[in-house]
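First comes the structure, then the notes that go with it.
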Amino acid sequence: MSHAAPRRKPIPPARVDLRVRIGTLELKNPILTASGTFGYGDEYAHVVDLSTLGGVVTKTVTVKPRAGNAPTRIAETPGGMLNSIGLENVGLARFRDEKLPRLRVLKATVIASVGGETPEELETLLRALGREKGVGAFEVNFSCPNVAAGGARYWADPERLERTLARLKPLTDRPLIAKLSPDVTDIRETARACERGGADALTAVNTFVGLAIDLDAMRSRLGKATGGLSGPAVKPLALARCWEAAHAVRIPVLGSGGIASGRDALEFVAAGATAVQVGTATFVEPEAATRVLEEMREWLGAHGHARVTELIGAFRAEHAQEHAPATLAVEERS
Ligand SMILES: Cc1cc2nc3c(=O)[nH]c(=O)nc-3n(C[C@H](O)[C@H](O)[C@H](O)COP(=O)(O)O)c2cc1C
């Protein structure tokens, strides 16, 4: 028996309504750049008109500038890459005084990514930036696999996530997006904890912890033993985590992991994502986010979808009862 949707009459791609909403923030389309893969955004302004994207998620910013990890920090792997950048960034003061003014001129919708080793550090960042002009939302990086302190393991504790978000929430009137690690036993638990703490949205997911060994030297191919795996290799893994997270909460979810085409992006949307982020694909092709956006628009037009929101969560697992109790929970509640 085929479950294919009936064919709709195609509509001109230019007429497809791509607007989506993340809390109080309206995005002109669902395509964003992923944190750490697009600099602070301004570095790419000569190749991409930032104002045409749904948003630019900046490199994660910490209170103090960070030099990041020792080299080697990147290793190519089949279908993907490992990185151990370790949150190299300019720090809060330079981000606010140099980067944000440039992004304002470029008319980008800015999602500022913030990271901290403790809840207090995140509070400091939100106190300083929480009402800053030109920041559309905050993505809190609860999931960096490459730092010794305040990384994905530290933030994998649902109670800590909930408590921290509850402390951050009053410090800003912009949406708070919690970025989750895929390396947990059950992403639905961390997702629900963030929702309880007051997160307006989630990003699922950050990179997966990975290891590549140079057998001849008998050492890691990175300066540090492990790194974060990203790129096409992780797409099915990320899509499954995104699907699980999206069905565990009522807040919007942003998909991330291996997205390199309009179809990839729409798979995440069908799995329940309201928006998506293009990351590693940008290293191969600087205009990747723009192409993904155009491909998405074309596909929606060709398939007769007047609005991208029609497709959010359109995928329904045939065996949801067996495999996704969270899906059932959502259906029971709604
Ligand atoms: C070189 C590199 C640096 C990254 N830096 C950050 C970062 O600073 N903050 C963050 O939240 N995610 C960071 N990420 C994770 C990406 O934002 C994205 O979630 C992940 O790479 C999966 O998407 P992709 O497969 O499209 O790259 C980084 C990824 C890469 C490859």
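Identifiers in the structure tokens: chain A, B, ... in order shown; residue index from 1 per chain; ligand index from 1 in order shown.
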Excluding same-chain residues fewer than 6 positions from stretch 282-295 of chain A, what lies within 9 Å of it counting only C-alpha atoms, as a PyMOL selection string? chain A and resi 13+29-33+37-38+44+47-49+52-53+259-265
All residues within 7 Å of ligand 1 are required, counting only C-alpha atoms and all ligand atoms; please report them as a PyMOL selection string. chain A and resi 34-37+59-60+81-83+85+87+113+141+143-144+179+205-207+230-232+234-235+256-259+277-281
Prev. selection, C-alpha atoms, output as a PDB file, in the first residue's frame:
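Final output, result19.pdb:
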ATOM      1  CA  ALA A  34      25.289  26.628  11.850  1.00  0.00           C
ATOM      2  CA  SER A  35      27.450  27.982  14.655  1.00  0.00           C
ATOM      3  CA  GLY A  36      31.189  27.789  14.094  1.00  0.00           C
ATOM      4  CA  THR A  37      30.946  27.040  10.393  1.00  0.00           C
ATOM      5  CA  LYS A  59      30.463  31.302  16.385  1.00  0.00           C
ATOM      6  CA  THR A  60      29.935  30.469  20.059  1.00  0.00           C
ATOM      7  CA  MET A  81      35.002  15.730   9.215  1.00  0.00           C
ATOM      8  CA  LEU A  82      36.205  15.714  12.784  1.00  0.00           C
ATOM      9  CA  ASN A  83      36.969  18.994  14.490  1.00  0.00           C
ATOM     10  CA  ILE A  85      38.407  23.686  17.548  1.00  0.00           C
ATOM     11  CA  LEU A  87      35.503  27.231  21.120  1.00  0.00           C
ATOM     12  CA  SER A 113      25.590  31.550  20.138  1.00  0.00           C
ATOM     13  CA  ASN A 141      25.663  25.900  23.290  1.00  0.00           C
ATOM     14  CA  SER A 143      26.843  20.615  23.641  1.00  0.00           C
ATOM     15  CA  CYS A 144      30.449  21.342  22.678  1.00  0.00           C
ATOM     16  CA  LYS A 179      21.530  23.426  21.449  1.00  0.00           C
ATOM     17  CA  VAL A 205      22.019  18.392  17.196  1.00  0.00           C
ATOM     18  CA  ASN A 206      25.652  19.383  17.714  1.00  0.00           C
ATOM     19  CA  THR A 207      28.510  17.161  16.497  1.00  0.00           C
ATOM     20  CA  SER A 230      29.875  16.466  11.270  1.00  0.00           C
ATOM     21  CA  GLY A 231      28.907  16.409   7.607  1.00  0.00           C
ATOM     22  CA  PRO A 232      26.887  13.971   5.445  1.00  0.00           C
ATOM     23  CA  VAL A 234      26.014  12.132  10.489  1.00  0.00           C
ATOM     24  CA  LYS A 235      22.812  13.074   8.662  1.00  0.00           C
ATOM     25  CA  SER A 256      21.381  20.388  12.360  1.00  0.00           C
ATOM     26  CA  GLY A 257      23.642  17.635  11.078  1.00  0.00           C
ATOM     27  CA  GLY A 258      24.818  16.890   7.559  1.00  0.00           C
ATOM     28  CA  ILE A 259      22.394  19.152   5.728  1.00  0.00           C
ATOM     29  CA  GLN A 277      21.130  24.902   9.944  1.00  0.00           C
ATOM     30  CA  VAL A 278      23.726  24.383   7.239  1.00  0.00           C
ATOM     31  CA  GLY A 279      27.184  23.718   8.690  1.00  0.00           C
ATOM     32  CA  THR A 280      30.000  21.625   7.222  1.00  0.00           C
ATOM     33  CA  ALA A 281      28.559  21.977   3.693  1.00  0.00           C
TER      34      ALA A 281
END
Please report the interatomic distance between atom CA of A:Pro10 and atom CA of A:His305 in Å with one decimal. 7.7 Å
For A:Arg192, list every protein, DNA or RNA residue within 9 Å, evaluated using only C-alpha atoms, and leave out those in the same chain fewer than 5 positions away; present the list as an NGL selection string. :A and (158 or 162 or 187 or 197 or 245 or 248-249)
Atom-to-atom span, atom CA of A:Gly54 and atom CA of A:Lys99, Å: 18.7 Å
For A:Leu165, please output as a compact mmCIF listing (two decimals) with C-alpha atoms, in the first residue's frame all residues within 9 Å (counting only C-alpha atoms; exclusion window: fewer than 2 positions along the same chain).
# COMPACT_ATOMS: atom_id res chain seq x y z
CA PRO A 119 25.61 28.68 34.67
CA ARG A 160 21.30 21.34 35.33
CA LEU A 161 19.84 22.30 31.97
CA GLU A 162 16.47 23.09 33.44
CA ARG A 163 17.86 25.12 36.35
CA ARG A 167 18.05 31.52 35.43
CA LEU A 168 18.79 32.77 31.92
CA LYS A 169 15.21 33.33 30.86
CA LEU A 176 16.43 31.25 23.95
CA ALA A 178 19.09 25.36 23.63
CA CYS A 194 15.10 22.52 28.36
CA GLU A 195 11.43 23.07 27.63
CA ARG A 196 10.61 22.94 31.35
CA GLY A 197 13.41 25.43 32.05
CA GLY A 198 11.84 27.92 29.65
CA ALA A 199 13.71 27.39 26.38
Can you tell me, as a PyMOL selection string, what residues are no more than 10 Å from A:Ala75 when counting only C-alpha atoms, ignoring any on the same chain fewer than 6 positions away? chain A and resi 81-84+211-212+220-223+227+229
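You will find atom CA of A:Val135 at 21.0 Å from atom CA of A:Ala204.
In terms of minimum interatomic distance to A:Arg19, A:Arg297 ranks closest within A:Ile177, A:Lys64, A:Arg297, A:Ala201, counting only C-alpha atoms.
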Identify, on the basis of only C-alpha atoms, every residue whose closest approach to A:Trp243 does not exceed 9 Å; exclude the query and any residue fewer than 6 positions from it along the same chain; express the result as a list of chain:residue names. A:Ala204, A:Gly255, A:Phe268, A:Ala270, A:Ala271, A:Gly272, A:Ala273, A:Gly313
